[in-house]
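Text of the file target-v6.pdb, holding PDB, C-alpha atoms and all ligand atoms:
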```
ATOM      1  CA  MET E  10     118.707  48.974  50.277
ATOM      2  CA  THR E  11     120.002  51.813  52.448
ATOM      3  CA  SER E  12     122.989  50.930  54.624
ATOM      4  CA  LYS E  13     123.053  51.874  58.343
ATOM      5  CA  SER E  14     125.894  54.354  57.909
ATOM      6  CA  GLN E  15     124.113  56.033  55.011
ATOM      7  CA  THR E  16     121.012  56.493  57.143
ATOM      8  CA  GLU E  17     123.055  57.886  60.030
ATOM      9  CA  ASP E  18     124.751  60.352  57.706
ATOM     10  CA  GLU E  19     121.438  61.437  56.298
ATOM     11  CA  ASN E  20     120.098  61.954  59.805
ATOM     12  CA  LYS E  21     123.102  64.071  60.722
ATOM     13  CA  ILE E  22     122.661  66.203  57.648
ATOM     14  CA  MET E  23     118.974  66.657  58.435
ATOM     15  CA  ALA E  24     119.558  67.295  62.136
ATOM     16  CA  ILE E  25     122.061  70.130  61.880
ATOM     17  CA  PRO E  26     120.111  72.600  59.777
ATOM     18  CA  TYR E  27     116.822  71.789  61.483
ATOM     19  CA  GLY E  28     118.378  72.377  64.891
ATOM     20  CA  LEU E  29     119.882  75.673  63.799
ATOM     21  CA  ILE E  30     116.715  76.907  62.182
ATOM     22  CA  LYS E  31     114.635  75.952  65.168
ATOM     23  CA  THR E  32     117.018  77.646  67.621
ATOM     24  CA  ASN E  33     117.145  80.885  65.655
ATOM     25  CA  TYR E  34     113.461  80.839  65.081
ATOM     26  CA  LEU E  35     112.690  80.455  68.769
ATOM     27  CA  HIS E  36     115.218  83.037  69.891
ATOM     28  CA  MET E  37     114.355  85.656  67.331
ATOM     29  CA  LYS E  38     110.581  85.406  67.280
ATOM     30  CA  LYS E  39     108.068  85.187  70.028
ATOM     31  CA  VAL E  40     105.482  82.465  70.239
ATOM     32  CA  ILE E  41     102.322  83.879  71.780
ATOM     33  CA  TYR E  42      99.576  81.631  73.069
ATOM     34  CA  SER E  43      96.197  82.822  71.959
ATOM     35  CA  LYS E  44      92.598  81.701  71.587
ATOM     36  CA  VAL E  45      89.917  82.052  68.948
ATOM     37  CA  LEU E  46      87.533  84.865  69.895
ATOM     38  CA  GLU E  47      85.211  84.906  66.901
ATOM     39  CA  ILE E  48      84.797  83.921  63.257
ATOM     40  CA  ILE E  49      83.190  86.633  61.142
ATOM     41  CA  ASN E  50      81.985  85.499  57.724
ATOM     42  CA  LEU E  51      82.385  88.172  55.054
ATOM     43  CA  THR E  52      81.333  86.018  52.087
ATOM     44  CA  GLU E  53      80.559  82.331  51.679
ATOM     45  CA  SER E  54      84.259  81.541  51.402
ATOM     46  CA  THR E  55      86.061  84.416  53.129
ATOM     47  CA  TYR E  56      86.102  85.104  56.836
ATOM     48  CA  ILE E  57      87.879  87.003  59.564
ATOM     49  CA  LEU E  58      89.503  84.851  62.231
ATOM     50  CA  ARG E  59      89.602  87.024  65.354
ATOM     51  CA  LEU E  60      92.176  85.993  67.943
ATOM     52  CA  GLU E  61      93.251  87.119  71.394
ATOM     53  CA  LYS E  62      96.124  89.569  71.000
ATOM     54  CA  ASN E  63      97.764  89.073  74.388
ATOM     55  CA  ASP E  64     101.171  90.759  74.011
ATOM     56  CA  PHE E  65     101.661  90.108  70.301
ATOM     57  CA  GLU E  66     103.175  93.337  68.899
ATOM     58  CA  PHE E  67     103.680  94.002  65.200
ATOM     59  CA  ILE E  68     104.115  96.720  62.613
ATOM     60  CA  ALA E  69     101.195  97.096  60.209
ATOM     61  CA  GLY E  70     101.920  95.125  57.037
ATOM     62  CA  GLN E  71     103.656  92.226  58.792
ATOM     63  CA  TYR E  72     102.466  88.639  58.936
ATOM     64  CA  LEU E  73     102.465  85.838  61.495
ATOM     65  CA  VAL E  74     102.498  82.073  61.448
ATOM     66  CA  LEU E  75      99.317  80.606  62.861
ATOM     67  CA  ASN E  76      99.684  77.171  64.338
ATOM     68  CA  VAL E  77      96.869  75.067  65.685
ATOM     69  CA  PRO E  78      98.633  72.858  68.246
ATOM     70  CA  VAL E  79      97.982  69.124  68.332
ATOM     71  CA  GLU E  80      97.027  69.286  64.680
ATOM     72  CA  TYR E  81     100.372  70.926  63.774
ATOM     73  CA  LYS E  82      98.780  72.898  61.032
ATOM     74  CA  ALA E  83     100.714  76.081  60.456
ATOM     75  CA  ARG E  84     100.274  78.739  57.774
ATOM     76  CA  GLU E  85     101.365  82.339  57.258
ATOM     77  CA  TYR E  86      98.760  85.098  57.463
ATOM     78  CA  SER E  87      99.110  88.856  57.090
ATOM     79  CA  ILE E  88      97.606  90.759  59.968
ATOM     80  CA  TYR E  89      94.373  92.493  58.969
ATOM     81  CA  SER E  90      93.656  94.482  62.129
ATOM     82  CA  PRO E  91      95.395  97.755  62.993
ATOM     83  CA  GLU E  92      98.351  97.858  65.385
ATOM     84  CA  ASP E  93      96.329  99.230  68.296
ATOM     85  CA  ALA E  94      93.315  96.900  68.052
ATOM     86  CA  PRO E  95      92.775  94.834  71.216
ATOM     87  CA  TYR E  96      92.639  91.642  69.103
ATOM     88  CA  ILE E  97      94.370  90.166  66.032
ATOM     89  CA  ASP E  98      92.262  89.738  62.911
ATOM     90  CA  LEU E  99      93.266  87.560  59.974
ATOM     91  CA  LEU E 100      91.394  87.753  56.668
ATOM     92  CA  ILE E 101      91.275  84.241  55.232
ATOM     93  CA  LYS E 102      89.901  82.825  52.020
ATOM     94  CA  GLU E 103      89.009  79.156  51.882
ATOM     95  CA  VAL E 104      91.064  77.591  49.133
ATOM     96  CA  GLU E 105      89.109  74.724  47.580
ATOM     97  CA  THR E 106      92.171  72.596  46.967
ATOM     98  CA  GLY E 107      93.828  73.648  50.226
ATOM     99  CA  GLU E 108      93.935  71.846  53.517
ATOM    100  CA  ILE E 109      94.024  74.373  56.325
ATOM    101  CA  SER E 110      92.144  77.471  55.206
ATOM    102  CA  LYS E 111      88.914  75.454  55.047
ATOM    103  CA  GLU E 112      89.391  73.967  58.508
ATOM    104  CA  LEU E 113      90.281  77.188  60.324
ATOM    105  CA  LYS E 114      86.805  78.478  59.573
ATOM    106  CA  TYR E 115      85.293  75.821  61.818
ATOM    107  CA  LEU E 116      87.545  76.337  64.837
ATOM    108  CA  LYS E 117      85.440  76.695  67.968
ATOM    109  CA  VAL E 118      85.535  79.874  70.017
ATOM    110  CA  GLY E 119      88.109  79.292  72.764
ATOM    111  CA  THR E 120      90.340  76.949  70.698
ATOM    112  CA  LYS E 121      93.989  77.430  71.655
ATOM    113  CA  VAL E 122      96.327  78.563  68.891
ATOM    114  CA  GLU E 123      99.933  79.741  68.674
ATOM    115  CA  LEU E 124     101.015  82.924  66.936
ATOM    116  CA  THR E 125     104.646  83.129  65.885
ATOM    117  CA  GLY E 126     106.189  86.308  64.593
ATOM    118  CA  PRO E 127     105.822  88.957  63.547
ATOM    119  CA  PHE E 128     107.609  88.455  60.245
ATOM    120  CA  GLY E 129     108.231  90.483  57.136
ATOM    121  CA  PHE E 130     109.329  93.872  55.856
ATOM    122  CA  PHE E 131     106.203  94.837  53.914
ATOM    123  CA  VAL E 132     105.716  97.885  56.103
ATOM    124  CA  LEU E 133     105.842 101.646  55.673
ATOM    125  CA  ARG E 134     109.335 102.671  56.630
ATOM    126  CA  ASP E 135     109.571 105.716  58.895
ATOM    127  CA  ASN E 136     111.684 107.751  56.471
ATOM    128  CA  VAL E 137     109.073 107.152  53.763
ATOM    129  CA  LYS E 138     106.139 108.032  56.021
ATOM    130  CA  THR E 139     107.663 111.282  57.267
ATOM    131  CA  LYS E 140     108.253 112.523  53.712
ATOM    132  CA  MET E 141     104.462 112.409  53.224
ATOM    133  CA  ASN E 142     104.630 110.336  50.074
ATOM    134  CA  HIS E 143     101.676 109.097  48.077
ATOM    135  CA  PHE E 144     101.133 105.319  48.117
ATOM    136  CA  THR E 145      99.458 103.055  45.600
ATOM    137  CA  PHE E 146      98.369  99.802  47.215
ATOM    138  CA  VAL E 147      97.587  97.053  44.729
ATOM    139  CA  ALA E 148      95.991  93.823  45.959
ATOM    140  CA  THR E 149      94.299  90.752  44.622
ATOM    141  CA  GLY E 150      91.799  88.940  46.844
ATOM    142  CA  THR E 151      92.868  88.653  50.470
ATOM    143  CA  GLY E 152      96.068  90.471  49.485
ATOM    144  CA  ILE E 153      94.228  93.537  50.760
ATOM    145  CA  SER E 154      94.866  92.362  54.319
ATOM    146  CA  PRO E 155      98.181  94.157  55.027
ATOM    147  CA  PHE E 156      96.823  97.366  53.459
ATOM    148  CA  HIS E 157      93.775  97.301  55.729
ATOM    149  CA  SER E 158      96.131  97.184  58.706
ATOM    150  CA  ILE E 159      98.500  99.829  57.306
ATOM    151  CA  ILE E 160      95.700 102.262  56.479
ATOM    152  CA  LEU E 161      93.862 101.907  59.795
ATOM    153  CA  SER E 162      97.151 102.179  61.705
ATOM    154  CA  ASN E 163      98.314 105.338  59.905
ATOM    155  CA  PRO E 164      95.599 107.995  59.859
ATOM    156  CA  GLY E 165      96.227 110.789  57.379
ATOM    157  CA  LEU E 166      98.089 108.574  54.888
ATOM    158  CA  ASP E 167      97.841 109.708  51.266
ATOM    159  CA  TYR E 168      96.979 106.582  49.294
ATOM    160  CA  GLU E 169      94.781 104.805  46.799
ATOM    161  CA  ILE E 170      93.931 101.101  46.700
ATOM    162  CA  ILE E 171      93.401  99.146  43.516
ATOM    163  CA  HIS E 172      91.757  95.868  44.531
ATOM    164  CA  GLY E 173      91.300  93.010  42.084
ATOM    165  CA  VAL E 174      88.687  90.326  42.762
ATOM    166  CA  ARG E 175      86.416  88.085  40.761
ATOM    167  CA  TYR E 176      83.038  89.321  42.023
ATOM    168  CA  GLY E 177      81.873  92.633  43.448
ATOM    169  CA  TYR E 178      80.858  91.040  46.737
ATOM    170  CA  GLU E 179      84.541  90.317  47.417
ATOM    171  CA  ALA E 180      85.245  93.990  48.157
ATOM    172  CA  TYR E 181      86.001  93.062  51.769
ATOM    173  CA  ASP E 182      85.257  95.887  54.224
ATOM    174  CA  SER E 183      85.560  98.483  51.469
ATOM    175  CA  ASN E 184      83.556 100.859  53.672
ATOM    176  CA  ASP E 185      86.652 101.148  55.852
ATOM    177  CA  TYR E 186      88.233 103.305  53.114
ATOM    178  CA  PRO E 187      86.991 106.626  51.730
ATOM    179  CA  LYS E 188      85.188 105.958  48.430
ATOM    180  CA  ASP E 189      87.604 108.095  46.429
ATOM    181  CA  ARG E 190      90.590 106.054  47.639
ATOM    182  CA  TYR E 191      89.311 102.540  46.877
ATOM    183  CA  LEU E 192      88.903 101.207  43.346
ATOM    184  CA  LEU E 193      87.525  97.726  42.720
ATOM    185  CA  CYS E 194      88.462  95.732  39.602
ATOM    186  CA  THR E 195      86.247  92.704  38.934
ATOM    187  CA  THR E 196      86.766  89.989  36.348
ATOM    188  CA  ARG E 197      83.557  87.902  36.597
ATOM    189  CA  ASP E 198      80.839  90.524  37.022
ATOM    190  CA  HIS E 199      80.469  94.244  36.381
ATOM    191  CA  ASP E 200      79.952  95.284  40.003
ATOM    192  CA  GLY E 201      83.327  96.988  40.316
ATOM    193  CA  ALA E 202      84.483 100.376  39.057
ATOM    194  CA  TYR E 203      86.612  98.638  36.415
ATOM    195  CA  PHE E 204      85.989  95.380  34.559
ATOM    196  CA  GLY E 205      89.239  93.453  34.120
ATOM    197  CA  ARG E 206      92.427  92.501  35.921
ATOM    198  CA  VAL E 207      94.455  95.013  37.905
ATOM    199  CA  THR E 208      97.344  94.632  35.445
ATOM    200  CA  GLN E 209      94.997  95.622  32.616
ATOM    201  CA  TYR E 210      93.729  98.553  34.686
ATOM    202  CA  PHE E 211      97.204 100.111  34.824
ATOM    203  CA  LYS E 212      97.840  99.471  31.127
ATOM    204  CA  GLU E 213      94.589 101.176  30.211
ATOM    205  CA  LYS E 214      94.501 104.003  32.741
ATOM    206  CA  GLY E 215      98.223 104.732  32.893
ATOM    207  CA  ILE E 216     100.558 104.784  35.843
ATOM    208  CA  ASN E 217     101.325 107.422  38.426
ATOM    209  CA  LYS E 218     105.054 108.140  38.573
ATOM    210  CA  ASN E 219     104.869 110.075  41.854
ATOM    211  CA  THR E 220     103.861 107.287  44.149
ATOM    212  CA  ILE E 221     105.299 104.282  45.955
ATOM    213  CA  TYR E 222     103.773 100.993  44.846
ATOM    214  CA  TYR E 223     103.005  98.244  47.356
ATOM    215  CA  ILE E 224     101.709  95.101  45.663
ATOM    216  CA  CYS E 225     100.314  92.024  47.412
ATOM    217  CA  GLY E 226      98.623  88.838  46.262
ATOM    218  CA  ASN E 227      99.436  86.056  43.835
ATOM    219  CA  SER E 228     102.859  85.793  42.229
ATOM    220  CA  GLY E 229     101.574  85.948  38.631
ATOM    221  CA  MET E 230      99.951  89.338  39.111
ATOM    222  CA  ILE E 231     102.901  90.653  41.103
ATOM    223  CA  SER E 232     105.518  89.733  38.525
ATOM    224  CA  GLN E 233     103.450  91.020  35.593
ATOM    225  CA  LEU E 234     102.708  94.321  37.273
ATOM    226  CA  THR E 235     106.245  94.793  38.566
ATOM    227  CA  ASP E 236     107.666  94.201  35.074
ATOM    228  CA  TYR E 237     105.188  96.656  33.581
ATOM    229  CA  LEU E 238     105.921  99.354  36.158
ATOM    230  CA  GLU E 239     109.683  98.985  35.725
ATOM    231  CA  GLN E 240     109.400  99.040  31.935
ATOM    232  CA  ASN E 241     107.500 102.288  32.328
ATOM    233  CA  GLY E 242     110.098 104.053  34.400
ATOM    234  CA  ILE E 243     109.181 103.208  37.992
ATOM    235  CA  SER E 244     112.345 102.628  39.947
ATOM    236  CA  PRO E 245     112.576  99.224  41.711
ATOM    237  CA  GLU E 246     113.070 101.000  45.041
ATOM    238  CA  ASN E 247     109.560 102.411  44.689
ATOM    239  CA  ILE E 248     107.994  98.977  44.212
ATOM    240  CA  ARG E 249     107.504  96.693  47.217
ATOM    241  CA  THR E 250     105.871  93.316  47.054
ATOM    242  CA  GLU E 251     104.434  90.556  49.248
ATOM    243  CA  VAL E 252     103.692  87.185  47.637
ATOM    244  CA  PHE E 253     100.946  85.044  49.209
ATOM    245  CA  PHE E 254     101.168  82.115  46.780
TER     246      PHE E 254
HETATM  247  C1  LIG O   1     103.487  85.981  53.750
HETATM  248  C2  LIG O   1     102.143  85.308  53.484
HETATM  249  C3  LIG O   1     100.984  85.918  53.934
HETATM  250  C4  LIG O   1      99.739  85.319  53.678
HETATM  251  N1  LIG O   1      98.618  85.965  54.086
HETATM  252  C5  LIG O   1      97.400  85.446  53.792
HETATM  253  C6  LIG O   1      96.198  86.138  54.143
HETATM  254  O1  LIG O   1      96.231  87.231  54.758
HETATM  255  N2  LIG O   1      95.009  85.563  53.818
HETATM  256  C7  LIG O   1      94.944  84.354  53.155
HETATM  257  O2  LIG O   1      93.823  83.877  52.897
HETATM  258  N3  LIG O   1      96.065  83.699  52.783
HETATM  259  C8  LIG O   1      97.269  84.189  53.103
HETATM  260  N4  LIG O   1      98.417  83.500  52.766
HETATM  261  C9  LIG O   1      98.288  82.140  52.204
HETATM  262  C10 LIG O   1      98.159  81.131  53.368
HETATM  263  O3  LIG O   1      99.401  80.987  54.039
HETATM  264  C11 LIG O   1      97.709  79.750  52.924
HETATM  265  O4  LIG O   1      98.543  79.306  51.866
HETATM  266  C12 LIG O   1      96.254  79.732  52.466
HETATM  267  O5  LIG O   1      95.389  80.020  53.569
HETATM  268  C13 LIG O   1      95.864  78.351  51.894
HETATM  269  O6  LIG O   1      96.148  77.366  52.862
HETATM  270  P1  LIG O   1      95.670  75.871  52.632
HETATM  271  O7  LIG O   1      96.347  74.979  53.625
HETATM  272  O8  LIG O   1      94.180  75.819  52.618
HETATM  273  O9  LIG O   1      96.165  75.544  51.200
HETATM  274  P2  LIG O   1      97.677  75.279  50.744
HETATM  275  O10 LIG O   1      97.913  73.827  50.715
HETATM  276  O11 LIG O   1      98.616  76.129  51.568
HETATM  277  O12 LIG O   1      97.629  75.929  49.311
HETATM  278  C14 LIG O   1      96.946  75.323  48.224
HETATM  279  C15 LIG O   1      96.973  76.280  47.031
HETATM  280  O13 LIG O   1      96.066  77.361  47.291
HETATM  281  C16 LIG O   1      96.466  78.546  46.616
HETATM  282  N5  LIG O   1      96.357  79.688  47.561
HETATM  283  C17 LIG O   1      97.084  79.930  48.681
HETATM  284  N6  LIG O   1      96.647  81.039  49.309
HETATM  285  C18 LIG O   1      95.604  81.514  48.584
HETATM  286  C19 LIG O   1      94.755  82.644  48.719
HETATM  287  N7  LIG O   1      94.881  83.516  49.752
HETATM  288  N8  LIG O   1      93.796  82.832  47.771
HETATM  289  C20 LIG O   1      93.667  81.974  46.738
HETATM  290  N9  LIG O   1      94.451  80.896  46.548
HETATM  291  C21 LIG O   1      95.416  80.665  47.446
HETATM  292  C22 LIG O   1      97.866  78.297  46.129
HETATM  293  O14 LIG O   1      97.791  78.088  44.716
HETATM  294  C23 LIG O   1      98.296  77.026  46.811
HETATM  295  O15 LIG O   1      99.197  76.324  46.046
HETATM  296  C24 LIG O   1      99.668  84.073  52.996
HETATM  297  C25 LIG O   1     100.850  83.458  52.574
HETATM  298  C26 LIG O   1     102.071  84.058  52.799
HETATM  299  C27 LIG O   1     103.333  83.384  52.304
END
```

Please rewrite the model in this file as structure tokens.
Amino acid sequence: MTSKSQTEDENKIMAIPYGLIKTNYLHMKKVIYSKVLEIINLTESTYILRLEKNDFEFIAGQYLVLNVPVEYKAREYSIYSPEDAPYIDLLIKEVETGEISKELKYLKVGTKVELTGPFGFFVLRDNVKTKMNHFTFVATGTGISPFHSIILSNPGLDYEIIHGVRYGYEAYDSNDYPKDRYLLCTTRDHDGAYFGRVTQYFKEKGINKNTIYYICGNSGMISQLTDYLEQNGISPENIRTEVFF
């Protein structure tokens, strides 16, 4: 049985860090009240959640925390729309075993939501942009989201995207990129330009040493590819990553 003093001590221990985190969080990041404008289905399980932007400012590549009040269901999402769009788009895949991604799809137009952020450093730094570097953006699934925002926000960028999905129909909005800059890797059908995982693509096709790698998606792919790039002479400072799960 837990004694009273033990419980009080536990509460104190819990209260201090929570209070500090909450204070910093509220002071450092804005909470913007927003509403659902539209849900755009891209495939059976992937959709764009379009939200009022209000005065939510961000740098392309950053993410926000989406909270549906009352339900207290918060999750992180990279911002899919460009910096100057009059709305905020999030590209979301329903995760079968997940709780929130499936429910967000059925939010009614006009539902109130809270956007906290922006967060993250997965952005093009000014000194890198001005040197006119080449970028290699590697994504799996909805990991393409920050790249969509970065590319549409930075016209004239020299880049290529390597996008790994299961099926060809998951090449979300690939028409937004010039054909010669977007390469689709598929693992379950042959509708992409390359059949196999993105990690296999680099092993087979070789790696470009004169580029900056930005990699986003699941942690397994990111750690395998990062190891491979480093083993093949890419300096860690030229590899940037964003882990979704
Ligand atoms: C910085 C950051 C940015 C993110 N940006 C996006 C984004 O732009 N689009 C997006 O769809 N998700 C994104 N996510 C993941 C998102 O926060 C949720 O985890 C996801 O929507 C699943 O939520 P859930 O409540 O349904 O399932 P959860 O209970 O959160 O997760 C259940 C399981 O689903 C798996 N999973 C999580 N995300 C995905 C995914 N995207 N695809 C496949 N499997 C997944 C994981 O194995 C996880 O353990 C991001 C996560 C982080 C940390």

I need the residue nearest Ser110 of chain E from this list: E:Arg84, E:Lys62, E:Arg249, E:Arg134. Use all atoms listed in the file for the distance.
E:Arg84

Since I can't run it myself right now, could you work out what the PyMOL selection byres (((chain E and resi 104-107) around 12) and not hetatm) selects here and report it as a PDB file with C-alpha atoms, in the frame of the given file?
```pdb
ATOM      1  CA  GLU E  53      80.559  82.331  51.679  1.00  0.00           C
ATOM      2  CA  SER E  54      84.259  81.541  51.402  1.00  0.00           C
ATOM      3  CA  THR E  55      86.061  84.416  53.129  1.00  0.00           C
ATOM      4  CA  TYR E  56      86.102  85.104  56.836  1.00  0.00           C
ATOM      5  CA  LYS E  82      98.780  72.898  61.032  1.00  0.00           C
ATOM      6  CA  ARG E  84     100.274  78.739  57.774  1.00  0.00           C
ATOM      7  CA  ILE E 101      91.275  84.241  55.232  1.00  0.00           C
ATOM      8  CA  LYS E 102      89.901  82.825  52.020  1.00  0.00           C
ATOM      9  CA  GLU E 103      89.009  79.156  51.882  1.00  0.00           C
ATOM     10  CA  GLU E 108      93.935  71.846  53.517  1.00  0.00           C
ATOM     11  CA  ILE E 109      94.024  74.373  56.325  1.00  0.00           C
ATOM     12  CA  SER E 110      92.144  77.471  55.206  1.00  0.00           C
ATOM     13  CA  LYS E 111      88.914  75.454  55.047  1.00  0.00           C
ATOM     14  CA  GLU E 112      89.391  73.967  58.508  1.00  0.00           C
ATOM     15  CA  LEU E 113      90.281  77.188  60.324  1.00  0.00           C
ATOM     16  CA  LYS E 114      86.805  78.478  59.573  1.00  0.00           C
ATOM     17  CA  GLY E 150      91.799  88.940  46.844  1.00  0.00           C
ATOM     18  CA  THR E 151      92.868  88.653  50.470  1.00  0.00           C
ATOM     19  CA  PHE E 254     101.168  82.115  46.780  1.00  0.00           C
TER      20      PHE E 254
END
```

Skipping near chain neighbours, those fewer than 2 positions away, what residues fall within 12 Å of Pro164 of chain E using only C-alpha atoms, listed as JSON, numbers by chain?
{"E": [91, 92, 138, 141, 157, 158, 159, 160, 161, 162, 166, 167, 168, 185, 186, 187]}

When the PyMOL selection byres (((chain E and resi 98) around 8) and not hetatm) is applied to the structure above, which residues does it catch, written out as a ChimeraX atom specification?
/E:57-60,88-90,96-97,99-100

Correct to one decimal, the distance atom O12 of ligand LIG 1 (chain O)-atom CA of Tyr86 of chain E is 12.3 Å

Taking the file as shown, what set of residues would the PyMOL selection byres (((chain E and resi 193-210) around 12) and not hetatm) give back, as a PyMOL selection string?
chain E and resi 146-150+153+169-183+186+188-192+211-216+224-227+229-238

First collect every listed atom of ligand LIG 1 (chain O); then fit an axis-aligned box around them, widen it by 6 Å on each side, and give centre and edge lengths in Å to one decimal, as AutoDock Vina command-line options.
```
--center_x 98.6 --center_y 80.5 --center_z 49.7 --size_x 21.8 --size_y 25.4 --size_z 22.0
```

Please complete segment 77-98 of chain E with N, CA and C atoms and give it back as a PDB file, keeping the file's coordinate frame.
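Result written to result.pdb:
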```
ATOM      1  N   VAL E  77      97.885  75.665  64.820  1.00  0.00           N
ATOM      2  CA  VAL E  77      96.869  75.067  65.685  1.00  0.00           C
ATOM      3  C   VAL E  77      97.527  73.849  66.327  1.00  0.00           C
ATOM      4  N   PRO E  78      97.887  73.954  67.630  1.00  0.00           N
ATOM      5  CA  PRO E  78      98.633  72.858  68.246  1.00  0.00           C
ATOM      6  C   PRO E  78      97.832  71.564  68.201  1.00  0.00           C
ATOM      7  N   VAL E  79      98.510  70.484  68.428  1.00  0.00           N
ATOM      8  CA  VAL E  79      97.982  69.124  68.332  1.00  0.00           C
ATOM      9  C   VAL E  79      97.847  68.738  66.870  1.00  0.00           C
ATOM     10  N   GLU E  80      97.191  69.618  66.108  1.00  0.00           N
ATOM     11  CA  GLU E  80      97.027  69.286  64.680  1.00  0.00           C
ATOM     12  C   GLU E  80      98.280  69.652  63.875  1.00  0.00           C
ATOM     13  N   TYR E  81      99.159  70.482  64.453  1.00  0.00           N
ATOM     14  CA  TYR E  81     100.372  70.926  63.774  1.00  0.00           C
ATOM     15  C   TYR E  81     100.088  71.444  62.374  1.00  0.00           C
ATOM     16  N   LYS E  82      99.122  72.336  62.328  1.00  0.00           N
ATOM     17  CA  LYS E  82      98.780  72.898  61.032  1.00  0.00           C
ATOM     18  C   LYS E  82      99.136  74.373  61.046  1.00  0.00           C
ATOM     19  N   ALA E  83     100.236  74.703  60.406  1.00  0.00           N
ATOM     20  CA  ALA E  83     100.714  76.081  60.456  1.00  0.00           C
ATOM     21  C   ALA E  83     100.662  76.711  59.071  1.00  0.00           C
ATOM     22  N   ARG E  84     100.263  77.976  59.028  1.00  0.00           N
ATOM     23  CA  ARG E  84     100.274  78.739  57.774  1.00  0.00           C
ATOM     24  C   ARG E  84     100.569  80.202  58.101  1.00  0.00           C
ATOM     25  N   GLU E  85     101.099  80.912  57.097  1.00  0.00           N
ATOM     26  CA  GLU E  85     101.365  82.339  57.258  1.00  0.00           C
ATOM     27  C   GLU E  85     100.097  83.138  56.972  1.00  0.00           C
ATOM     28  N   TYR E  86      99.861  84.175  57.758  1.00  0.00           N
ATOM     29  CA  TYR E  86      98.760  85.098  57.463  1.00  0.00           C
ATOM     30  C   TYR E  86      99.177  86.531  57.772  1.00  0.00           C
ATOM     31  N   SER E  87      98.914  87.434  56.840  1.00  0.00           N
ATOM     32  CA  SER E  87      99.110  88.856  57.090  1.00  0.00           C
ATOM     33  C   SER E  87      98.120  89.291  58.150  1.00  0.00           C
ATOM     34  N   ILE E  88      98.504  90.285  58.901  1.00  0.00           N
ATOM     35  CA  ILE E  88      97.606  90.759  59.968  1.00  0.00           C
ATOM     36  C   ILE E  88      96.694  91.845  59.385  1.00  0.00           C
ATOM     37  N   TYR E  89      95.409  91.649  59.588  1.00  0.00           N
ATOM     38  CA  TYR E  89      94.373  92.493  58.969  1.00  0.00           C
ATOM     39  C   TYR E  89      93.995  93.662  59.876  1.00  0.00           C
ATOM     40  N   SER E  90      94.085  93.449  61.177  1.00  0.00           N
ATOM     41  CA  SER E  90      93.656  94.482  62.129  1.00  0.00           C
ATOM     42  C   SER E  90      94.755  95.532  62.305  1.00  0.00           C
ATOM     43  N   PRO E  91      94.363  96.733  62.761  1.00  0.00           N
ATOM     44  CA  PRO E  91      95.395  97.755  62.993  1.00  0.00           C
ATOM     45  C   PRO E  91      96.242  97.442  64.220  1.00  0.00           C
ATOM     46  N   GLU E  92      97.386  98.137  64.304  1.00  0.00           N
ATOM     47  CA  GLU E  92      98.351  97.858  65.385  1.00  0.00           C
ATOM     48  C   GLU E  92      97.737  97.996  66.769  1.00  0.00           C
ATOM     49  N   ASP E  93      96.829  98.966  66.938  1.00  0.00           N
ATOM     50  CA  ASP E  93      96.329  99.230  68.296  1.00  0.00           C
ATOM     51  C   ASP E  93      95.014  98.511  68.614  1.00  0.00           C
ATOM     52  N   ALA E  94      94.558  97.629  67.745  1.00  0.00           N
ATOM     53  CA  ALA E  94      93.315  96.900  68.052  1.00  0.00           C
ATOM     54  C   ALA E  94      93.570  95.956  69.233  1.00  0.00           C
ATOM     55  N   PRO E  95      92.563  95.706  70.058  1.00  0.00           N
ATOM     56  CA  PRO E  95      92.775  94.834  71.216  1.00  0.00           C
ATOM     57  C   PRO E  95      92.725  93.344  70.852  1.00  0.00           C
ATOM     58  N   TYR E  96      92.680  93.025  69.588  1.00  0.00           N
ATOM     59  CA  TYR E  96      92.639  91.642  69.103  1.00  0.00           C
ATOM     60  C   TYR E  96      93.471  91.568  67.824  1.00  0.00           C
ATOM     61  N   ILE E  97      93.683  90.356  67.327  1.00  0.00           N
ATOM     62  CA  ILE E  97      94.370  90.166  66.032  1.00  0.00           C
ATOM     63  C   ILE E  97      93.349  89.589  65.066  1.00  0.00           C
ATOM     64  N   ASP E  98      93.138  90.270  63.963  1.00  0.00           N
ATOM     65  CA  ASP E  98      92.262  89.738  62.911  1.00  0.00           C
ATOM     66  C   ASP E  98      93.097  89.224  61.747  1.00  0.00           C
TER      67      ASP E  98
END
```
